[in-house]
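Structure, as structure tokens:
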Amino acid sequence: MEVNVGHLQNLSIRIDSGMFARKPSGSVRFLPPISKQQKLPPVVSAFQQPLRLSNRCRTISVGASCYRENISGLALETENFHPFDKDLLLKNKSQEVQPHLNGKCIYLVGMMGSGKTTIGKILAKELSYAFSDSDTLVEQEVGGTSVAEIFKLYGEDFFRDKETEVLRKLSSMHGFVISTGGGIVVRPINWKYMQNGISIWLDVPLEALAKRIAAVGTDSRPLLHNESGNGYTKAFRRLSVLLEERGDAYTNANVKVCLGSLAAKLGLSDVCNLTPEDIAIEALVQIQHFVEHEDGYCTS
Ligand SMILES: Nc1ncnc2c1ncn2[C@@H]1O[C@H](COP(=O)(O)OP(=O)(O)O)[C@@H](O)[C@H]1O
Ligand SMILES: O=C(O)C1=C[C@@H](OP(=O)(O)O)[C@@H](O)[C@H](O)C1
């Protein structure tokens, strides 16, 4: 069997079945010569699996998951198989990155609805870290009062003070992935606390943010109240203003995961087609780059 596997930027390769070693699980691994010949670093796995119809799955005949610099993986061609084994890629990348973190906390920053909680939970699980959410910690500090109630009863400044206090406490911790509130970036002192860990900005286009928020409603997000119009329009309008105010602050993060660029890299026309796993893998790739520069270690 011979198949075409993908286009990694300008690179197009052909792989034939003689280069595969089959594993009992049904997945196959590339034998070493392929990476040497093609100067491709670790091609993590290739596999075949039965047709699964889902709007997140393209159907192809062979899946290959590979990693090359900041290209997380891709495969194309013919019929009936999932593009690549994201779970395996996620696991391998986490295992590669984890020892170099030295227990440093990971802070996810980004606008409301950017996926900090969703991606944070995946990263925590894969890195064997604990997961925490600064909004939840603030709520606990205020005797179990919800963020929306805190805003209503005590105002935003009170909330921000509590948020900073929570971050100060977290800054002495290890082994946590922390999903922060979208506005945490506005106070410079908060960046000082986050400097003890690695901060990751999830940069998501406004349209996608507004869609996600419209789908879940704005009840828990007081800064999105007081707007007229339907859910999407309300969220879009308010988020535009907030992004205008905060856009620069997010760029302080150590690492940026830009969903627009990631979708383009994976050949997807819309960021809405990116799965949380795609985004988590990209976050790990970018963390790895950051740690490499910081520590001078190299994985390839
Ligand atoms: N990659 C994604 N694709 C589609 N929906 C997502 C994605 N990431 C998060 N969501 C959804 O968007 C909403 C907001 O996500 P969440 O993780 O709570 O964001 P944040 O913590 O940044 O406010 C949730 O309903 C979540 O299920
Ligand atoms: O952007 C903001 O200022 C806020 C974001 C919210 O957190 P999420 O980003 O988790 O929704 C929460 O902290 C509060 O409603 C204020």
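As shown in the structure tokens, the chain order sets the letters A, B, ...; within each chain, residues go from 1, and ligands are also counted from 1 in the order they appear.
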Collect all residues with atoms no farther than 6 Å from ligand 2, counting only C-alpha atoms and all ligand atoms, and output them as a JSON list (two decimals) with N, CA, C and O atoms, in the first residue's frame.
[["chain", "number", "residue", "atom", "x", "y", "z"],
["A", 111, "MET", "N", -9.75, 36.42, 26.53],
["A", 111, "MET", "CA", -11.08, 36.99, 26.69],
["A", 111, "MET", "C", -12.07, 35.96, 27.23],
["A", 111, "MET", "O", -11.83, 34.76, 27.15],
["A", 112, "MET", "N", -13.18, 36.48, 27.73],
["A", 112, "MET", "CA", -14.25, 35.58, 28.18],
["A", 112, "MET", "C", -14.63, 34.66, 27.02],
["A", 112, "MET", "O", -14.77, 35.12, 25.89],
["A", 113, "GLY", "N", -14.75, 33.40, 27.32],
["A", 113, "GLY", "CA", -15.16, 32.44, 26.30],
["A", 113, "GLY", "C", -14.03, 31.97, 25.40],
["A", 113, "GLY", "O", -14.26, 31.23, 24.44],
["A", 135, "ASP", "N", -11.71, 32.63, 39.06],
["A", 135, "ASP", "CA", -13.07, 33.08, 39.40],
["A", 135, "ASP", "C", -13.64, 32.24, 40.55],
["A", 135, "ASP", "O", -14.26, 32.78, 41.47],
["A", 181, "GLY", "N", -9.60, 34.85, 35.08],
["A", 181, "GLY", "CA", -10.71, 35.65, 34.56],
["A", 181, "GLY", "C", -10.19, 36.54, 33.42],
["A", 181, "GLY", "O", -9.02, 36.94, 33.43],
["A", 182, "GLY", "N", -11.07, 36.81, 32.47],
["A", 182, "GLY", "CA", -10.64, 37.55, 31.26],
["A", 182, "GLY", "C", -10.01, 38.91, 31.52],
["A", 182, "GLY", "O", -9.21, 39.40, 30.73],
["A", 183, "GLY", "N", -10.35, 39.51, 32.69],
["A", 183, "GLY", "CA", -9.86, 40.86, 32.95],
["A", 183, "GLY", "C", -8.62, 40.90, 33.84],
["A", 183, "GLY", "O", -8.15, 41.97, 34.22],
["A", 221, "ARG", "N", -21.49, 36.14, 33.40],
["A", 221, "ARG", "CA", -20.47, 37.11, 32.97],
["A", 221, "ARG", "C", -21.05, 38.53, 33.04],
["A", 221, "ARG", "O", -21.55, 39.07, 32.05],
["A", 222, "PRO", "N", -20.93, 39.15, 34.23],
["A", 222, "PRO", "CA", -21.61, 40.42, 34.47],
["A", 222, "PRO", "C", -21.18, 41.54, 33.53],
["A", 222, "PRO", "O", -21.98, 42.44, 33.26],
["A", 223, "LEU", "N", -19.96, 41.49, 33.02],
["A", 223, "LEU", "CA", -19.53, 42.58, 32.14],
["A", 223, "LEU", "C", -20.24, 42.54, 30.79],
["A", 223, "LEU", "O", -20.11, 43.46, 29.98]]
Discussion item. For the structure I just gave you, how does DSSP split segment 226-284 of chain A - specifically, which residues are strand (DSSP E or B)? Reply as a ChimeraX atom specification.
Written reply: /A:255-258
Item to complete: Name the residues, by chain letter and number, that sit within 6 Å of ligand 1 using only C-alpha atoms and all ligand atoms, and give them as a list in words.
Response: Met112, Gly113, Ser114, Gly115, Lys116, Thr117, Thr118, Arg212, Val216, Cys272, Leu274, Thr275 and Pro276 of chain A
Worksheet item: So, counting only C-alpha atoms, which residue among A:Leu137, A:Ile119, A:Val186, A:Leu90 is closest to Leu170 of chain A?
Response: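 Closest residue, counting only C-alpha atoms: A:Leu137.
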Item to complete: Using only C-alpha atoms, determine which residues lie at most 7 Å from segment 235-251 of chain A, disregarding the query and same-chain residues fewer than 5 positions distant; provide the list as a PyMOL selection string.
Response: chain A and resi 110+185-186+201+206-207+210+213-214+224
Output of the above residues as an mmCIF file, in the first residue's frame, restricted to all heavy atoms:
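selection.cif, written as the output of this step:
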data_model
loop_
_atom_site.group_PDB
_atom_site.id
_atom_site.type_symbol
_atom_site.label_atom_id
_atom_site.label_comp_id
_atom_site.auth_asym_id
_atom_site.auth_seq_id
_atom_site.Cartn_x
_atom_site.Cartn_y
_atom_site.Cartn_z
ATOM 1 N N GLY A 110 -6.965 35.252 28.501
ATOM 2 C CA GLY A 110 -7.697 35.461 27.248
ATOM 3 C C GLY A 110 -9.081 35.988 27.561
ATOM 4 O O GLY A 110 -9.523 35.981 28.717
ATOM 5 N N VAL A 185 -5.692 40.548 33.200
ATOM 6 C CA VAL A 185 -4.499 41.108 32.533
ATOM 7 C C VAL A 185 -4.367 42.619 32.705
ATOM 8 O O VAL A 185 -3.314 43.186 32.399
ATOM 9 C CB VAL A 185 -4.525 40.780 31.017
ATOM 10 C CG1 VAL A 185 -4.439 39.274 30.806
ATOM 11 C CG2 VAL A 185 -5.783 41.333 30.350
ATOM 12 N N VAL A 186 -5.423 43.283 33.203
ATOM 13 C CA VAL A 186 -5.383 44.755 33.201
ATOM 14 C C VAL A 186 -4.523 45.335 34.322
ATOM 15 O O VAL A 186 -4.041 46.457 34.224
ATOM 16 C CB VAL A 186 -6.797 45.397 33.242
ATOM 17 C CG1 VAL A 186 -7.598 45.033 32.014
ATOM 18 C CG2 VAL A 186 -7.551 45.010 34.506
ATOM 19 N N TRP A 201 -1.678 33.004 26.304
ATOM 20 C CA TRP A 201 -2.825 33.770 25.802
ATOM 21 C C TRP A 201 -3.541 32.971 24.723
ATOM 22 O O TRP A 201 -2.948 32.623 23.698
ATOM 23 C CB TRP A 201 -2.319 35.113 25.231
ATOM 24 C CG TRP A 201 -3.363 35.916 24.508
ATOM 25 C CD1 TRP A 201 -4.708 35.893 24.696
ATOM 26 C CD2 TRP A 201 -3.126 36.876 23.464
ATOM 27 N NE1 TRP A 201 -5.336 36.779 23.854
ATOM 28 C CE2 TRP A 201 -4.375 37.396 23.084
ATOM 29 C CE3 TRP A 201 -1.971 37.351 22.829
ATOM 30 C CZ2 TRP A 201 -4.523 38.355 22.083
ATOM 31 C CZ3 TRP A 201 -2.099 38.304 21.838
ATOM 32 C CH2 TRP A 201 -3.368 38.812 21.476
ATOM 33 N N LEU A 206 -13.069 37.490 17.632
ATOM 34 C CA LEU A 206 -14.288 37.968 18.310
ATOM 35 C C LEU A 206 -15.551 37.218 17.888
ATOM 36 O O LEU A 206 -16.413 36.934 18.719
ATOM 37 C CB LEU A 206 -14.485 39.451 17.980
ATOM 38 C CG LEU A 206 -13.752 40.448 18.870
ATOM 39 C CD1 LEU A 206 -13.928 41.854 18.344
ATOM 40 C CD2 LEU A 206 -14.275 40.339 20.302
ATOM 41 N N GLU A 207 -15.646 36.922 16.609
ATOM 42 C CA GLU A 207 -16.861 36.246 16.107
ATOM 43 C C GLU A 207 -17.045 34.909 16.827
ATOM 44 O O GLU A 207 -18.153 34.547 17.229
ATOM 45 C CB GLU A 207 -16.780 35.992 14.594
ATOM 46 C CG GLU A 207 -16.843 37.229 13.726
ATOM 47 C CD GLU A 207 -15.509 37.987 13.658
ATOM 48 O OE1 GLU A 207 -14.509 37.501 14.229
ATOM 49 O OE2 GLU A 207 -15.481 39.080 13.047
ATOM 50 N N ALA A 210 -18.057 35.473 20.493
ATOM 51 C CA ALA A 210 -19.460 35.873 20.619
ATOM 52 C C ALA A 210 -20.385 34.685 20.374
ATOM 53 O O ALA A 210 -21.397 34.525 21.066
ATOM 54 C CB ALA A 210 -19.766 37.019 19.660
ATOM 55 N N ILE A 213 -20.315 32.473 23.483
ATOM 56 C CA ILE A 213 -21.006 33.078 24.627
ATOM 57 C C ILE A 213 -22.512 33.139 24.392
ATOM 58 O O ILE A 213 -23.299 32.878 25.298
ATOM 59 C CB ILE A 213 -20.386 34.444 24.963
ATOM 60 C CG1 ILE A 213 -19.052 34.152 25.651
ATOM 61 C CG2 ILE A 213 -21.298 35.283 25.863
ATOM 62 C CD1 ILE A 213 -18.221 35.308 25.998
ATOM 63 N N ALA A 214 -22.892 33.418 23.150
ATOM 64 C CA ALA A 214 -24.322 33.432 22.840
ATOM 65 C C ALA A 214 -24.917 32.051 23.097
ATOM 66 O O ALA A 214 -26.060 31.929 23.544
ATOM 67 C CB ALA A 214 -24.533 33.859 21.394
ATOM 68 N N LEU A 224 -20.967 41.468 30.546
ATOM 69 C CA LEU A 224 -21.708 41.369 29.280
ATOM 70 C C LEU A 224 -23.196 41.681 29.464
ATOM 71 O O LEU A 224 -23.973 41.610 28.523
ATOM 72 C CB LEU A 224 -21.535 39.976 28.659
ATOM 73 C CG LEU A 224 -20.099 39.571 28.330
ATOM 74 C CD1 LEU A 224 -20.056 38.173 27.747
ATOM 75 C CD2 LEU A 224 -19.465 40.560 27.350
#
Discussion item. Which residue is closest to Leu101 of chain A? Choose from A:Ile150, A:Ile184, A:Ala280, A:Ile198 and count only C-alpha atoms.
Written reply: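 Ranking A:Ile150, A:Ile184, A:Ala280, A:Ile198 by distance to Leu101 of chain A, first place goes to A:Ile198.
Rounded to one decimal, atom CA of Ser220 of chain A and atom CA of Glu165 of chain A lie 21.0 Å from each other.
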Discussion item. Report as a PyMOL selection string all protein, DNA and RNA residues lying within 10 Å of segment 253-270 of chain A, evaluated on only C-alpha atoms, omitting residues in the same chain fewer than 2 positions from it.
Written reply: chain A and resi 7-9+70-75+107-110+114+185+191+194-195+197-205+208+249-251+272-274+278-280+282-291
Would you save the residues of that selection, restricted to C-alpha atoms, as a compact mmCIF listing (two decimals), in the first residue's frame?
# COMPACT_ATOMS: atom_id res chain seq x y z
CA HIS A 7 1.48 18.76 3.03
CA LEU A 8 3.52 20.08 5.89
CA GLN A 9 3.77 23.68 4.81
CA ASN A 70 5.39 23.97 15.47
CA ILE A 71 3.43 21.84 13.03
CA SER A 72 1.28 19.62 15.15
CA GLY A 73 0.22 17.10 12.61
CA LEU A 74 -1.84 16.39 9.58
CA ALA A 75 -2.74 13.84 7.03
CA TYR A 107 -1.77 30.54 33.62
CA LEU A 108 -4.30 30.71 30.81
CA VAL A 109 -5.29 34.24 29.90
CA GLY A 110 -7.70 35.46 27.25
CA SER A 114 -11.69 31.97 24.82
CA VAL A 185 -4.50 41.11 32.53
CA TRP A 191 1.56 39.94 35.70
CA MET A 194 2.03 35.23 36.97
CA GLN A 195 5.72 35.61 36.20
CA GLY A 197 4.74 30.48 36.03
CA ILE A 198 4.12 30.39 32.29
CA SER A 199 1.30 32.50 30.89
CA ILE A 200 -0.54 31.47 27.74
CA TRP A 201 -2.83 33.77 25.80
CA LEU A 202 -5.64 32.07 23.92
CA ASP A 203 -6.18 34.49 21.07
CA VAL A 204 -9.62 33.77 19.63
CA PRO A 205 -11.41 35.88 16.98
CA ALA A 208 -16.02 32.86 17.62
CA ALA A 249 -2.29 43.62 27.87
CA TYR A 250 -2.77 40.09 26.56
CA THR A 251 0.45 40.39 24.57
CA CYS A 272 -14.88 26.82 14.98
CA ASN A 273 -13.65 23.57 13.45
CA LEU A 274 -10.71 23.43 15.85
CA ASP A 278 -6.11 20.74 18.64
CA ILE A 279 -5.76 23.85 20.75
CA ALA A 280 -4.26 22.01 23.72
CA GLU A 282 -0.75 23.77 20.01
CA ALA A 283 -0.48 25.22 23.52
CA LEU A 284 1.97 22.46 24.44
CA VAL A 285 3.98 23.07 21.28
CA GLN A 286 4.22 26.77 22.09
CA ILE A 287 5.05 26.07 25.74
CA GLN A 288 7.82 23.80 24.54
CA HIS A 289 9.28 26.56 22.37
CA PHE A 290 9.15 28.96 25.28
CA VAL A 291 10.81 26.54 27.68
Item to complete: Could you give me, as a ChimeraX atom specification, the residues within 8 Å of Glu163 of chain A, counting only C-alpha atoms and dropping anything in the same chain fewer than 3 positions from it?
Response: /A:134-135,138,159-160,166-167,184
Worksheet item: Which of segment 218-290 of chain A counts as alpha helix (DSSP H) under DSSP, as a PyMOL selection string please?
Response: chain A and resi 231-250+259-265+276-290
Worksheet item: Do you have the atom CA of Ile122 of chain A-atom CA of Gln98 of chain A distance handy?
Response: 13.6 Å
Worksheet item: Within 10 Å of His174 of chain A, counting only C-alpha atoms, which residues qualify if same-chain residues fewer than 3 places away don't, as a list of chain:residue names?
Response: A:Asn102, A:Gly103, A:Lys104, A:Cys105, A:Ile106, A:Tyr129, A:Ala130, A:Leu170, A:Ser171, A:Val177, A:Asn196, A:Gly197
